[in-house]
Structure formats: structure tokens, C-alpha cells
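J.: Here you go, this is data.txt (compact mmCIF, C-alpha atoms).
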```txt
# COMPACT_ATOMS: atom_id res chain seq x y z
CA MET Z 1 61.01 115.02 -139.68
CA ALA Z 2 58.67 112.13 -140.38
CA ARG Z 3 60.31 108.89 -141.42
CA ILE Z 4 59.45 107.78 -144.95
CA PRO Z 5 58.92 104.01 -144.97
CA LYS Z 6 61.06 102.00 -147.36
CA LEU Z 7 58.93 100.31 -149.98
CA ALA Z 8 61.42 99.04 -152.56
CA SER Z 9 64.45 96.77 -152.77
CA SER Z 10 67.31 97.01 -155.24
CA VAL Z 11 68.14 93.34 -154.71
CA HIS Z 12 64.92 91.34 -154.38
CA ASP Z 13 61.47 91.23 -155.93
CA ILE Z 14 59.20 92.44 -153.14
CA GLY Z 15 56.17 91.21 -155.06
CA SER Z 16 57.22 87.57 -154.97
CA GLU Z 17 55.17 85.14 -152.91
CA LYS Z 18 58.02 84.52 -150.46
CA PRO Z 19 60.41 87.47 -150.58
CA PRO Z 20 63.54 86.98 -148.44
CA PHE Z 21 64.24 89.01 -145.31
CA GLY Z 22 65.21 92.56 -146.20
CA SER Z 23 62.52 92.91 -148.85
CA ARG Z 24 59.32 92.21 -146.92
CA PHE Z 25 57.52 95.56 -146.91
CA LEU Z 26 54.02 95.97 -145.52
CA THR Z 27 52.26 98.27 -147.97
CA GLU Z 28 48.67 97.29 -147.19
CA ASP Z 29 47.43 96.84 -143.61
CA THR Z 30 45.17 94.02 -144.73
CA ASP Z 31 48.23 91.99 -145.72
CA VAL Z 32 49.72 91.99 -142.21
CA TRP Z 33 49.17 88.25 -141.66
CA THR Z 34 50.50 87.09 -145.05
CA GLN Z 35 54.13 86.99 -143.79
CA ASN Z 36 55.56 86.05 -140.41
CA ALA Z 37 57.77 89.16 -140.35
CA TRP Z 38 58.00 92.59 -141.99
CA ASP Z 39 61.09 94.70 -142.68
CA HIS Z 40 61.82 98.40 -142.10
CA VAL Z 41 59.23 98.83 -139.37
CA SER Z 42 59.63 102.06 -137.40
CA PRO Z 43 60.46 101.38 -133.73
CA PRO Z 44 58.15 102.85 -131.08
CA ASP Z 45 59.07 106.28 -129.68
CA ASP Z 46 59.70 104.90 -126.19
CA GLN Z 47 61.94 102.04 -127.32
CA ALA Z 48 65.18 103.35 -125.81
CA GLU Z 49 63.68 103.85 -122.37
CA SER Z 50 61.89 100.49 -122.50
CA ILE Z 51 65.18 98.71 -123.27
CA ALA Z 52 67.07 100.63 -120.59
CA SER Z 53 64.41 99.85 -118.00
CA SER Z 54 64.53 96.11 -118.72
CA LEU Z 55 68.33 96.02 -118.51
CA ARG Z 56 68.36 97.94 -115.22
CA LYS Z 57 66.04 95.39 -113.63
CA GLN Z 58 68.12 92.46 -114.91
CA ARG Z 59 71.40 93.93 -113.64
CA LEU Z 60 69.93 94.43 -110.17
CA ALA Z 61 69.50 90.66 -109.77
CA PRO Z 62 71.99 88.71 -111.94
CA VAL Z 63 72.90 85.05 -111.55
CA PRO Z 64 74.89 84.81 -108.28
CA ASP Z 65 78.63 84.43 -108.88
CA GLU Z 66 78.73 81.13 -106.99
CA GLU Z 67 76.16 79.64 -109.40
CA LYS Z 68 77.72 80.73 -112.70
CA ASP Z 69 80.17 77.83 -112.83
CA ILE Z 70 77.26 75.40 -112.52
CA TYR Z 71 75.93 76.58 -115.88
CA ASN Z 72 79.28 77.15 -117.60
CA SER Z 73 81.15 73.99 -116.64
CA LYS Z 74 78.94 71.39 -118.38
CA PRO Z 75 76.63 73.17 -120.85
CA ALA Z 76 76.10 70.01 -122.92
CA LYS Z 77 74.33 68.44 -119.94
CA TYR Z 78 71.55 71.00 -120.10
CA TRP Z 79 71.11 70.53 -123.84
CA ASP Z 80 70.91 66.77 -123.23
CA ASN Z 81 68.13 67.42 -120.74
CA PHE Z 82 66.43 69.71 -123.26
CA TYR Z 83 66.35 67.02 -125.97
CA LYS Z 84 65.36 64.31 -123.50
CA THR Z 85 62.33 66.43 -122.65
CA ASN Z 86 61.44 67.70 -126.11
CA ALA Z 87 62.91 65.03 -128.44
CA ASP Z 88 62.46 66.34 -131.99
CA ASN Z 89 59.15 68.06 -131.27
CA PHE Z 90 60.32 71.52 -130.18
CA PHE Z 91 61.84 73.10 -133.29
CA ARG Z 92 60.16 73.25 -136.65
CA ASP Z 93 62.10 72.06 -139.69
CA ARG Z 94 64.09 75.05 -140.94
CA LYS Z 95 62.75 75.14 -144.49
CA TRP Z 96 63.48 78.89 -144.58
CA LEU Z 97 67.16 78.03 -144.96
CA HIS Z 98 66.68 77.51 -148.70
CA LEU Z 99 65.23 81.00 -149.02
CA GLU Z 100 67.71 82.87 -146.84
CA PHE Z 101 70.81 80.92 -147.88
CA PRO Z 102 70.63 80.20 -151.64
CA GLU Z 103 74.10 78.62 -151.38
CA LEU Z 104 72.38 75.59 -149.86
CA LEU Z 105 70.03 75.28 -152.83
CA ALA Z 106 72.98 75.46 -155.19
CA ALA Z 107 74.77 72.71 -153.25
CA ALA Z 108 71.73 70.46 -153.66
CA GLU Z 109 71.90 70.65 -157.44
CA PRO Z 110 73.79 67.87 -159.32
CA ASP Z 111 76.89 69.95 -160.01
CA GLY Z 112 79.81 68.16 -158.38
CA ALA Z 113 80.96 67.14 -154.92
CA VAL Z 114 79.98 69.42 -152.02
CA THR Z 115 80.53 68.91 -148.29
CA ILE Z 116 78.30 70.75 -145.82
CA CYS Z 117 79.10 70.66 -142.12
CA GLU Z 118 76.26 71.64 -139.81
CA ILE Z 119 77.46 72.51 -136.34
CA GLY Z 120 74.85 72.36 -133.60
CA CYS Z 121 72.57 70.12 -135.66
CA GLY Z 122 70.21 69.33 -132.78
CA ALA Z 123 67.51 66.94 -133.94
CA GLY Z 124 68.24 67.60 -137.62
CA ASN Z 125 65.78 70.41 -138.31
CA ALA Z 126 68.16 71.95 -140.84
CA ALA Z 127 69.95 68.90 -142.21
CA PHE Z 128 66.87 66.84 -143.00
CA PRO Z 129 64.97 69.48 -145.03
CA LEU Z 130 68.15 70.00 -147.04
CA LEU Z 131 68.59 66.27 -147.56
CA SER Z 132 64.93 65.88 -148.56
CA ALA Z 133 65.33 68.51 -151.28
CA ASN Z 134 68.73 67.24 -152.43
CA LYS Z 135 69.30 66.30 -156.07
CA ASN Z 136 73.08 66.02 -155.81
CA PRO Z 137 74.38 62.45 -155.39
CA GLN Z 138 77.76 63.93 -154.38
CA LEU Z 139 76.40 66.08 -151.56
CA ALA Z 140 77.82 64.97 -148.21
CA ILE Z 141 76.23 66.39 -145.06
CA ARG Z 142 78.12 66.13 -141.77
CA ALA Z 143 75.95 66.93 -138.74
CA TYR Z 144 77.44 67.51 -135.28
CA ASP Z 145 76.17 68.53 -131.86
CA TYR Z 146 77.67 68.45 -128.38
CA SER Z 147 74.44 67.01 -127.02
CA SER Z 148 74.74 63.24 -127.31
CA HIS Z 149 71.00 62.86 -126.84
CA ALA Z 150 70.26 65.15 -129.79
CA VAL Z 151 72.50 63.09 -132.06
CA LYS Z 152 70.81 59.86 -130.89
CA LEU Z 153 67.37 61.03 -132.04
CA ASN Z 154 66.61 58.79 -135.00
CA ASN Z 155 65.31 59.85 -138.41
CA PRO Z 156 64.87 57.48 -141.37
CA LEU Z 157 66.92 59.83 -143.54
CA TYR Z 158 69.99 59.04 -141.42
CA ASN Z 159 69.83 55.40 -142.47
CA SER Z 160 68.68 55.70 -146.09
CA PRO Z 161 68.91 59.19 -147.58
CA PRO Z 162 67.21 59.31 -151.00
CA VAL Z 163 70.16 61.14 -152.59
CA GLY Z 164 73.58 62.01 -151.21
CA SER Z 165 74.89 61.02 -147.80
CA ILE Z 166 74.71 62.12 -144.17
CA GLN Z 167 76.74 61.29 -141.08
CA SER Z 168 76.29 62.52 -137.55
CA ALA Z 169 78.40 62.44 -134.40
CA VAL Z 170 78.87 64.10 -131.04
CA TRP Z 171 81.40 66.94 -131.25
CA ASP Z 172 82.02 70.15 -129.34
CA LEU Z 173 82.77 73.20 -131.50
CA THR Z 174 85.00 74.50 -128.72
CA SER Z 175 87.25 71.41 -128.71
CA GLU Z 176 90.95 72.24 -128.58
CA ASN Z 177 92.62 71.46 -131.95
CA THR Z 178 90.24 68.59 -132.66
CA LEU Z 179 88.00 68.44 -135.71
CA PRO Z 180 84.90 66.23 -135.75
CA PRO Z 181 85.12 62.62 -136.91
CA GLY Z 182 85.06 62.34 -140.68
CA VAL Z 183 86.32 65.88 -141.27
CA GLU Z 184 89.89 66.68 -142.29
CA PRO Z 185 91.38 70.17 -142.45
CA THR Z 186 90.40 72.28 -145.49
CA THR Z 187 87.80 69.78 -146.76
CA VAL Z 188 84.46 71.50 -146.06
CA ASP Z 189 82.72 73.76 -148.58
CA ILE Z 190 79.97 75.19 -146.34
CA VAL Z 191 79.72 75.44 -142.56
CA LEU Z 192 76.23 76.06 -141.19
CA CYS Z 193 75.78 77.50 -137.67
CA VAL Z 194 72.15 78.21 -136.73
CA PHE Z 195 71.69 79.55 -133.17
CA VAL Z 196 75.03 78.02 -132.19
CA LEU Z 197 77.51 80.79 -131.37
CA SER Z 198 75.02 82.29 -128.91
CA ALA Z 199 75.14 79.08 -126.85
CA LEU Z 200 78.88 79.47 -126.23
CA HIS Z 201 80.57 81.31 -123.41
CA PRO Z 202 82.47 84.35 -124.76
CA ASN Z 203 85.71 82.73 -123.59
CA GLU Z 204 85.03 79.91 -126.08
CA TRP Z 205 84.62 82.07 -129.19
CA GLY Z 206 88.31 81.83 -130.13
CA LYS Z 207 88.31 78.02 -130.21
CA ALA Z 208 85.12 78.04 -132.27
CA MET Z 209 86.63 80.39 -134.88
CA ALA Z 210 89.81 78.30 -135.03
CA ASN Z 211 87.91 75.07 -135.67
CA ILE Z 212 85.60 76.58 -138.28
CA HIS Z 213 88.53 78.10 -140.15
CA ARG Z 214 90.54 74.90 -139.96
CA MET Z 215 87.86 72.70 -141.53
CA LEU Z 216 86.91 75.07 -144.36
CA LYS Z 217 88.44 75.00 -147.81
CA PRO Z 218 89.95 78.31 -148.95
CA GLY Z 219 86.99 80.09 -150.54
CA GLY Z 220 84.44 78.13 -148.50
CA ILE Z 221 81.69 79.93 -146.64
CA VAL Z 222 80.12 80.05 -143.20
CA LEU Z 223 76.37 80.61 -142.93
CA VAL Z 224 75.28 81.94 -139.54
CA ARG Z 225 71.94 82.78 -138.02
CA ASP Z 226 71.75 83.88 -134.42
CA TYR Z 227 70.17 86.14 -131.82
CA GLY Z 228 70.57 89.94 -132.03
CA ARG Z 229 70.91 92.54 -129.29
CA TYR Z 230 67.72 93.80 -127.59
CA ASP Z 231 65.46 91.13 -129.02
CA LEU Z 232 62.23 90.81 -127.05
CA THR Z 233 63.52 87.49 -125.73
CA GLN Z 234 66.43 89.30 -124.11
CA LEU Z 235 64.30 92.10 -122.70
CA ARG Z 236 61.78 89.67 -121.17
CA PHE Z 237 64.33 87.79 -119.06
CA LYS Z 238 63.46 88.09 -115.38
CA SER Z 239 65.60 88.33 -112.26
CA GLY Z 240 68.31 85.74 -111.74
CA ARG Z 241 68.90 85.04 -115.45
CA MET Z 242 71.73 87.42 -116.45
CA LEU Z 243 75.15 85.73 -116.39
CA GLU Z 244 76.82 88.89 -117.70
CA ASP Z 245 75.82 91.70 -120.05
CA SER Z 246 73.93 90.25 -123.06
CA PHE Z 247 74.51 86.66 -121.79
CA TYR Z 248 71.70 84.80 -120.03
CA ILE Z 249 70.52 81.48 -118.67
CA ARG Z 250 67.13 80.22 -119.81
CA GLY Z 251 64.59 78.42 -117.68
CA ASP Z 252 65.94 75.09 -118.95
CA LYS Z 253 69.49 76.15 -117.92
CA THR Z 254 70.79 76.50 -121.48
CA ARG Z 255 72.77 79.66 -122.23
CA VAL Z 256 72.15 82.39 -124.82
CA TYR Z 257 74.13 85.44 -125.95
CA PHE Z 258 72.61 88.34 -127.92
CA PHE Z 259 74.97 89.80 -130.52
CA GLU Z 260 75.67 93.17 -132.03
CA LEU Z 261 76.51 92.94 -135.75
CA ASP Z 262 79.92 94.44 -135.02
CA GLU Z 263 80.58 91.62 -132.57
CA LEU Z 264 80.06 89.02 -135.29
CA ALA Z 265 82.27 91.03 -137.64
CA LEU Z 266 85.01 91.25 -135.01
CA MET Z 267 84.73 87.57 -134.17
CA PHE Z 268 85.23 86.44 -137.76
CA THR Z 269 87.46 89.18 -139.21
CA GLY Z 270 89.04 91.09 -136.33
CA SER Z 271 87.46 94.34 -137.55
CA ARG Z 272 84.14 96.07 -137.12
CA ALA Z 273 81.80 96.29 -140.08
CA SER Z 274 82.42 99.64 -141.77
CA SER Z 275 79.58 102.13 -142.31
CA SER Z 276 79.70 101.38 -146.03
CA GLN Z 277 79.03 97.72 -145.23
CA THR Z 278 76.12 98.37 -142.91
CA THR Z 279 72.48 98.65 -143.88
CA VAL Z 280 70.16 98.23 -140.92
CA ARG Z 281 66.72 96.83 -141.34
CA THR Z 282 64.03 96.57 -138.71
CA THR Z 283 61.58 93.72 -138.71
CA GLU Z 284 58.36 93.43 -136.77
CA GLU Z 285 56.87 90.03 -136.13
CA ALA Z 286 53.30 89.33 -137.12
CA THR Z 287 53.18 85.81 -135.74
CA GLU Z 288 55.19 83.95 -133.14
CA CYS Z 289 58.65 82.76 -134.17
CA GLN Z 290 59.27 79.09 -133.51
CA ASP Z 291 63.06 78.77 -133.33
CA ARG Z 292 63.06 79.36 -129.57
CA GLU Z 293 60.14 80.21 -127.33
CA GLU Z 294 61.69 79.83 -123.90
CA ASP Z 295 60.71 82.55 -121.45
CA GLY Z 296 57.82 83.63 -123.65
CA GLY Z 297 60.08 85.47 -126.06
CA THR Z 298 60.74 85.28 -129.76
CA SER Z 299 63.95 84.67 -131.64
CA ILE Z 300 65.70 87.26 -133.75
CA SER Z 301 68.32 86.57 -136.32
CA SER Z 302 71.42 87.92 -137.93
CA LEU Z 303 71.98 86.27 -141.30
CA THR Z 304 75.70 86.27 -141.93
CA SER Z 305 77.99 84.87 -144.61
CA TYR Z 306 81.77 84.77 -144.42
CA THR Z 307 84.51 83.64 -146.75
CA PRO Z 308 87.74 82.36 -145.14
CA SER Z 309 90.98 84.08 -145.95
CA SER Z 310 93.71 82.03 -147.56
CA HIS Z 311 95.17 79.48 -145.18
CA ASN Z 312 98.54 80.89 -146.21
CA SER Z 313 98.78 83.97 -144.03
CA ALA Z 314 101.10 85.61 -146.55
CA SER Z 315 98.35 85.71 -149.15
CA PRO Z 316 95.86 88.57 -149.15
CA ALA Z 317 92.32 87.81 -148.05
CA PRO Z 318 89.75 87.77 -150.85
CA PHE Z 319 87.28 90.63 -150.68
CA LEU Z 320 83.61 90.32 -151.51
CA GLU Z 321 81.66 93.54 -151.28
CA PRO Z 322 79.20 93.04 -148.42
CA SER Z 323 75.78 94.40 -147.78
CA VAL Z 324 75.08 94.43 -144.08
CA ASP Z 325 71.72 94.54 -142.42
CA GLN Z 326 70.02 93.14 -139.36
CA SER Z 327 66.70 91.35 -139.19
CA THR Z 328 64.59 90.69 -136.14
CA CYS Z 329 61.44 88.78 -135.35
CA SER Z 330 60.40 91.42 -132.86
CA SER Z 331 59.67 95.11 -132.93
CA LYS Z 332 63.29 95.89 -132.15
CA GLY Z 333 65.30 98.14 -134.41
CA PRO Z 334 68.92 99.22 -134.26
CA ALA Z 335 70.27 100.23 -130.88
CA PRO Z 336 68.80 103.68 -130.15
CA ALA Z 337 71.16 106.64 -129.77
CA ALA Z 338 70.51 106.63 -126.02
CA LEU Z 339 71.81 103.04 -125.87
CA PRO Z 340 75.12 102.94 -127.74
CA ALA Z 341 76.23 99.55 -129.03
CA THR Z 342 78.52 97.74 -126.61
CA ILE Z 343 81.14 95.21 -127.67
CA HIS Z 344 82.19 92.30 -125.48
CA PRO Z 345 85.72 92.97 -124.16
CA ASN Z 346 86.93 89.59 -125.46
CA LEU Z 347 86.47 90.94 -128.98
CA LEU Z 348 88.51 94.09 -128.39
CA VAL Z 349 91.71 92.04 -128.01
CA PRO Z 350 92.99 88.99 -129.95
CA LEU Z 351 90.75 86.02 -129.25
CA VAL Z 352 92.29 83.34 -127.02
CA SER Z 353 93.10 80.06 -128.85
CA CYS Z 354 92.38 81.68 -132.23
CA PRO Z 355 94.86 82.19 -135.09
CA PRO Z 356 95.58 85.83 -135.96
CA HIS Z 357 92.94 87.71 -137.92
CA PRO Z 358 91.86 88.23 -140.58
CA LEU Z 359 90.59 84.65 -140.89
CA PHE Z 360 87.54 85.56 -142.94
CA THR Z 361 86.17 88.34 -145.09
CA ILE Z 362 82.56 89.47 -144.88
CA GLU Z 363 80.41 88.59 -147.86
CA GLN Z 364 77.07 89.57 -146.34
CA LEU Z 365 76.22 90.63 -142.81
CA GLY Z 366 72.65 91.27 -141.82
```
Starting from the coordinates I provided, produce the structure as C-alpha cells.

T.:
Amino acid sequence: MARIPKLASSVHDIGSEKPPFGSRFLTEDTDVWTQNAWDHVSPPDDQAESIASSLRKQRLAPVPDEEKDIYNSKPAKYWDNFYKTNADNFFRDRKWLHLEFPELLAAAEPDGAVTICEIGCGAGNAAFPLLSANKNPQLAIRAYDYSSHAVKLNNPLYNSPPVGSIQSAVWDLTSENTLPPGVEPTTVDIVLCVFVLSALHPNEWGKAMANIHRMLKPGGIVLVRDYGRYDLTQLRFKSGRMLEDSFYIRGDKTRVYFFELDELALMFTGSRASSSQTTVRTTEEATECQDREEDGGTSISSLTSYTPSSHNSASPAPFLEPSVDQSTCSSKGPAPAALPATIHPNLLVPLVSCPPHPLFTIEQLG
């Protein structure tokens, strides 16, 4: 049966000049270059075999066991080298954040004190666009990265923000029971993690969840964007790059993991996303994504919001009805039937160094 393309959205105005991901439908071929990505694109017929073929080649020549510790023992060193080489010239400012995460726009309005903690701030490509658009004198941005060289990169907004305040420091999200300087437990309204969790070893996920939960106020939110399974970037990795399934080393020696949506759900809540919470969308890129271009690939994203459960474990977790879908900046769709979704084994048992779930409830996953 022929697939009928989706041409309408119950949530967004698809006719707006800049519709958010999930509502970008290509109805006229002549419009193909008017957006950098399109949603609900049918995957090619040979997608499953193409993915399987790429993975077979990668598994035949993984990173040698004796070299894995080189990359996993001091990951910050390779990010320092990355920023020494590229300074603040590699990533574009992430102005799309205001479109995809309206919570950030709301925080920038003069409506009371708000604290935003950006983890993995890099050279400030997310923090500075937000600060530039800020109208809230009580907005406090805290920006942290485990690359000391990234934090050293200077921007005039650090020294004299037009409105609000910003502080930055070196901090590792996987620190054991240590929050970043200037942050006390339960004081942060919004945590922003853009292409951060993918840089961690799976054994570090528990510490990351513990620290995020500890800093957030009850009712605060986490905004996450990261790489999704079978992105073209993943499939284009050559021999000698696979550390383990879905986890790779780039040419600059930085690490990257490619997530299933269920893996993010398990990481934050301890449960998979239910079928009623899942709406898959497929996005095909029309122009090259700029978030990461290493190895000639493009970046794909899962846009995810979470609300932390009460810090009193005896209290029930708040529930916000989620809509779950996945966006990509490649021609990749959901995992084909011939390639069932695989979950990292760390997520099938309680995470090490992490308080018992549920820590968060899903507000939106996709």
C-alpha cells in the first residue's frame, strides 16, 4: 500500500515562515531549498540493508581494545585540542534554540528570576544568542564545560551582558557528588544539554543524571538535543572508529554516541517511552547541518524535555502528557523492521551512581 505523505500538523502552523521541526512538510518541489530540513520524508526502499551493511563493516574493524582506554580516560583533553584548533569558529550560533525550545524565550521575558544552566557550553554558541535576546534583568545563565580551553574563549557578553547575568566555569557533568561553582542543589529552573550526553561514556550516564536532578528545582525542566541512531554521520564512520555498538571516536578523537529514543527515556525515567507517547517523524536534509561535520556527516537531533520528579521520593512524580517524535537532519527514518531497536545494557539495569528512578517525567520526546 502506498504511503500517504503527512501534510498537516495539529500543533503547529505549517504555513508559518519558520515552522518548528515536526511541521515542516514539503508540498511543492520548488520549495525544497526554503528550509534546511523537511519532516515525514519516506525512507528509501533499501534503507535497512544500507544500514546493516555499514554496521557490518564497522564491526569488522573496531577500535582495538588496547586503545580504548586512551580515548576514555581523558576525554576533556581531546575537546581542549578541538577548541584550540577551531576556537569559536566551528559551530554556528544556535539561534534555532528559541524556535525549538520556547521555554527559553519565556525565560528571557521580564517575568521574574530564572536560572538557566547550560552544560557543555563550548564556545557559547547557545548561551550568547540567548543572552543577546534577553529582556529579563533577573535571568542568570550559568555556562559550564569540561574543556578548560572552551571556557577560556572570550566574548564581550561575558564581561558586560546587556541584560541579565552570565557566569562560566570548568565543570565535568560526570563529577561525583559535586555541582558546578555557583550552583546549589534545587536552584536551577532550566538545564540545557545540546550534544552533550552523546559525548559521555555509557558508564558515566548515571552520574550525569544524578547531577542534573540534584541541581534542578522540583518542576524544573531539562532541554536536550542530541544525535539519533542511524544518522548518516554514524553510517559514514570508517574502520577503526567504533568503540562499541553505537559509540564511536571521531577523527579529532572526541567521542559520540547515537541514541534510540527509548534510551533517552530509560536514562531519565527508568522506563521506555510507551507507544501512546511515541510519534515518529522522518526528516530529510536539504542543506548541510552545521552542528557537527566531522567525518563528512551531518548531525541529527532528538529534541527532548523532561520534568524532574519531586525530590521527596515519597511524593508521586508529576505527569505531563508527552508527544514523542524523532527528527533527523538526514534521510534516516525510524529503525526499519529488519533492524530492531537495541538498548544499551547499562540502561536495562539501575544506572550506577544514580538515585532510583523515576527521577523525571517525560514532557516531550522527539

J.: Tell me which protein, DNA and RNA residues are within 10 Å of region 252-259 of chain Z, counting all atoms listed in the file, leaving out same-chain ones fewer than 2 positions away, and put them as a PyMOL selection string.

T.: chain Z and resi 70-72+75-82+195-202+226-231+233-234+241-250+261-264+294-295+300-302+341-344

J.: With distances taken over only C-alpha atoms, which of Z:Asp189, Z:Asp39, Z:Glu204, Z:Glu176 is nearest to Ala140 (chain Z)?

T.: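 Nearest to Ala140 (chain Z): Z:Asp189.
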
J.: Emit as AutoDock Vina command-line options the padded axis-aligned box for all listed atoms of region 254-263 of chain Z, 6 Å per side, with centre and edge lengths in Å to one decimal.

T.:
```
--center_x 75.7 --center_y 85.5 --center_z -128.6 --size_x 21.8 --size_y 29.9 --size_z 26.3
```

J.: For a test of reading the model, state the distance in Å between CA of Val41 (chain Z) and CA of Ala265 (chain Z), rounded to one decimal.

T.: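 These atoms are spaced 24.4 Å apart.
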
J.: For a quick check of understanding, using all atoms listed in the file, which of Z:Glu100, Z:Asp172, Z:Glu28, Z:Glu260 has the smallest distance to Lys74 (chain Z)?

T.: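 Distance minimum relative to Lys74 (chain Z) lands on Z:Asp172.
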
J.: So, with all atoms listed in the file as the atoms that count, which of Z:Ser168, Z:His213, Z:Gly240, Z:Ile190 lies closest to Pro102 (chain Z)?

T.: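 So, comparing all the options, the nearest one is Z:Ile190.
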
J.: Could you check how far CA of Arg142 (chain Z) sits from CA of Pro181 (chain Z), in Å to one decimal?

T.: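 Calculated distance between CA of Arg142 (chain Z) and CA of Pro181 (chain Z) is 9.2 Å.
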
J.: Enter the distance from CA of Lys238 (chain Z) to CA of Ser53 (chain Z), in Å, rounded to one decimal.

T.: 12.1 Å

J.: Using all atoms listed in the file, which residues sit within 12 Å of Ile166 (chain Z) once same-chain residues fewer than 3 positions away are excluded, as a PyMOL selection string?

T.: chain Z and resi 114-118+121+124+127-128+130-132+134+137-144+155-163+169+182

J.: Considering only C-alpha atoms, return as a list in words whatever protein or nucleic-acid residues lie within 12 Å of Val349 (chain Z), sequence-local ones (same chain, fewer than 6 positions apart) excluded.

T.: Asn203, Gly206, Leu266, Met267, Gly270, Ser271, Ile343, Pro356 and His357 of chain Z
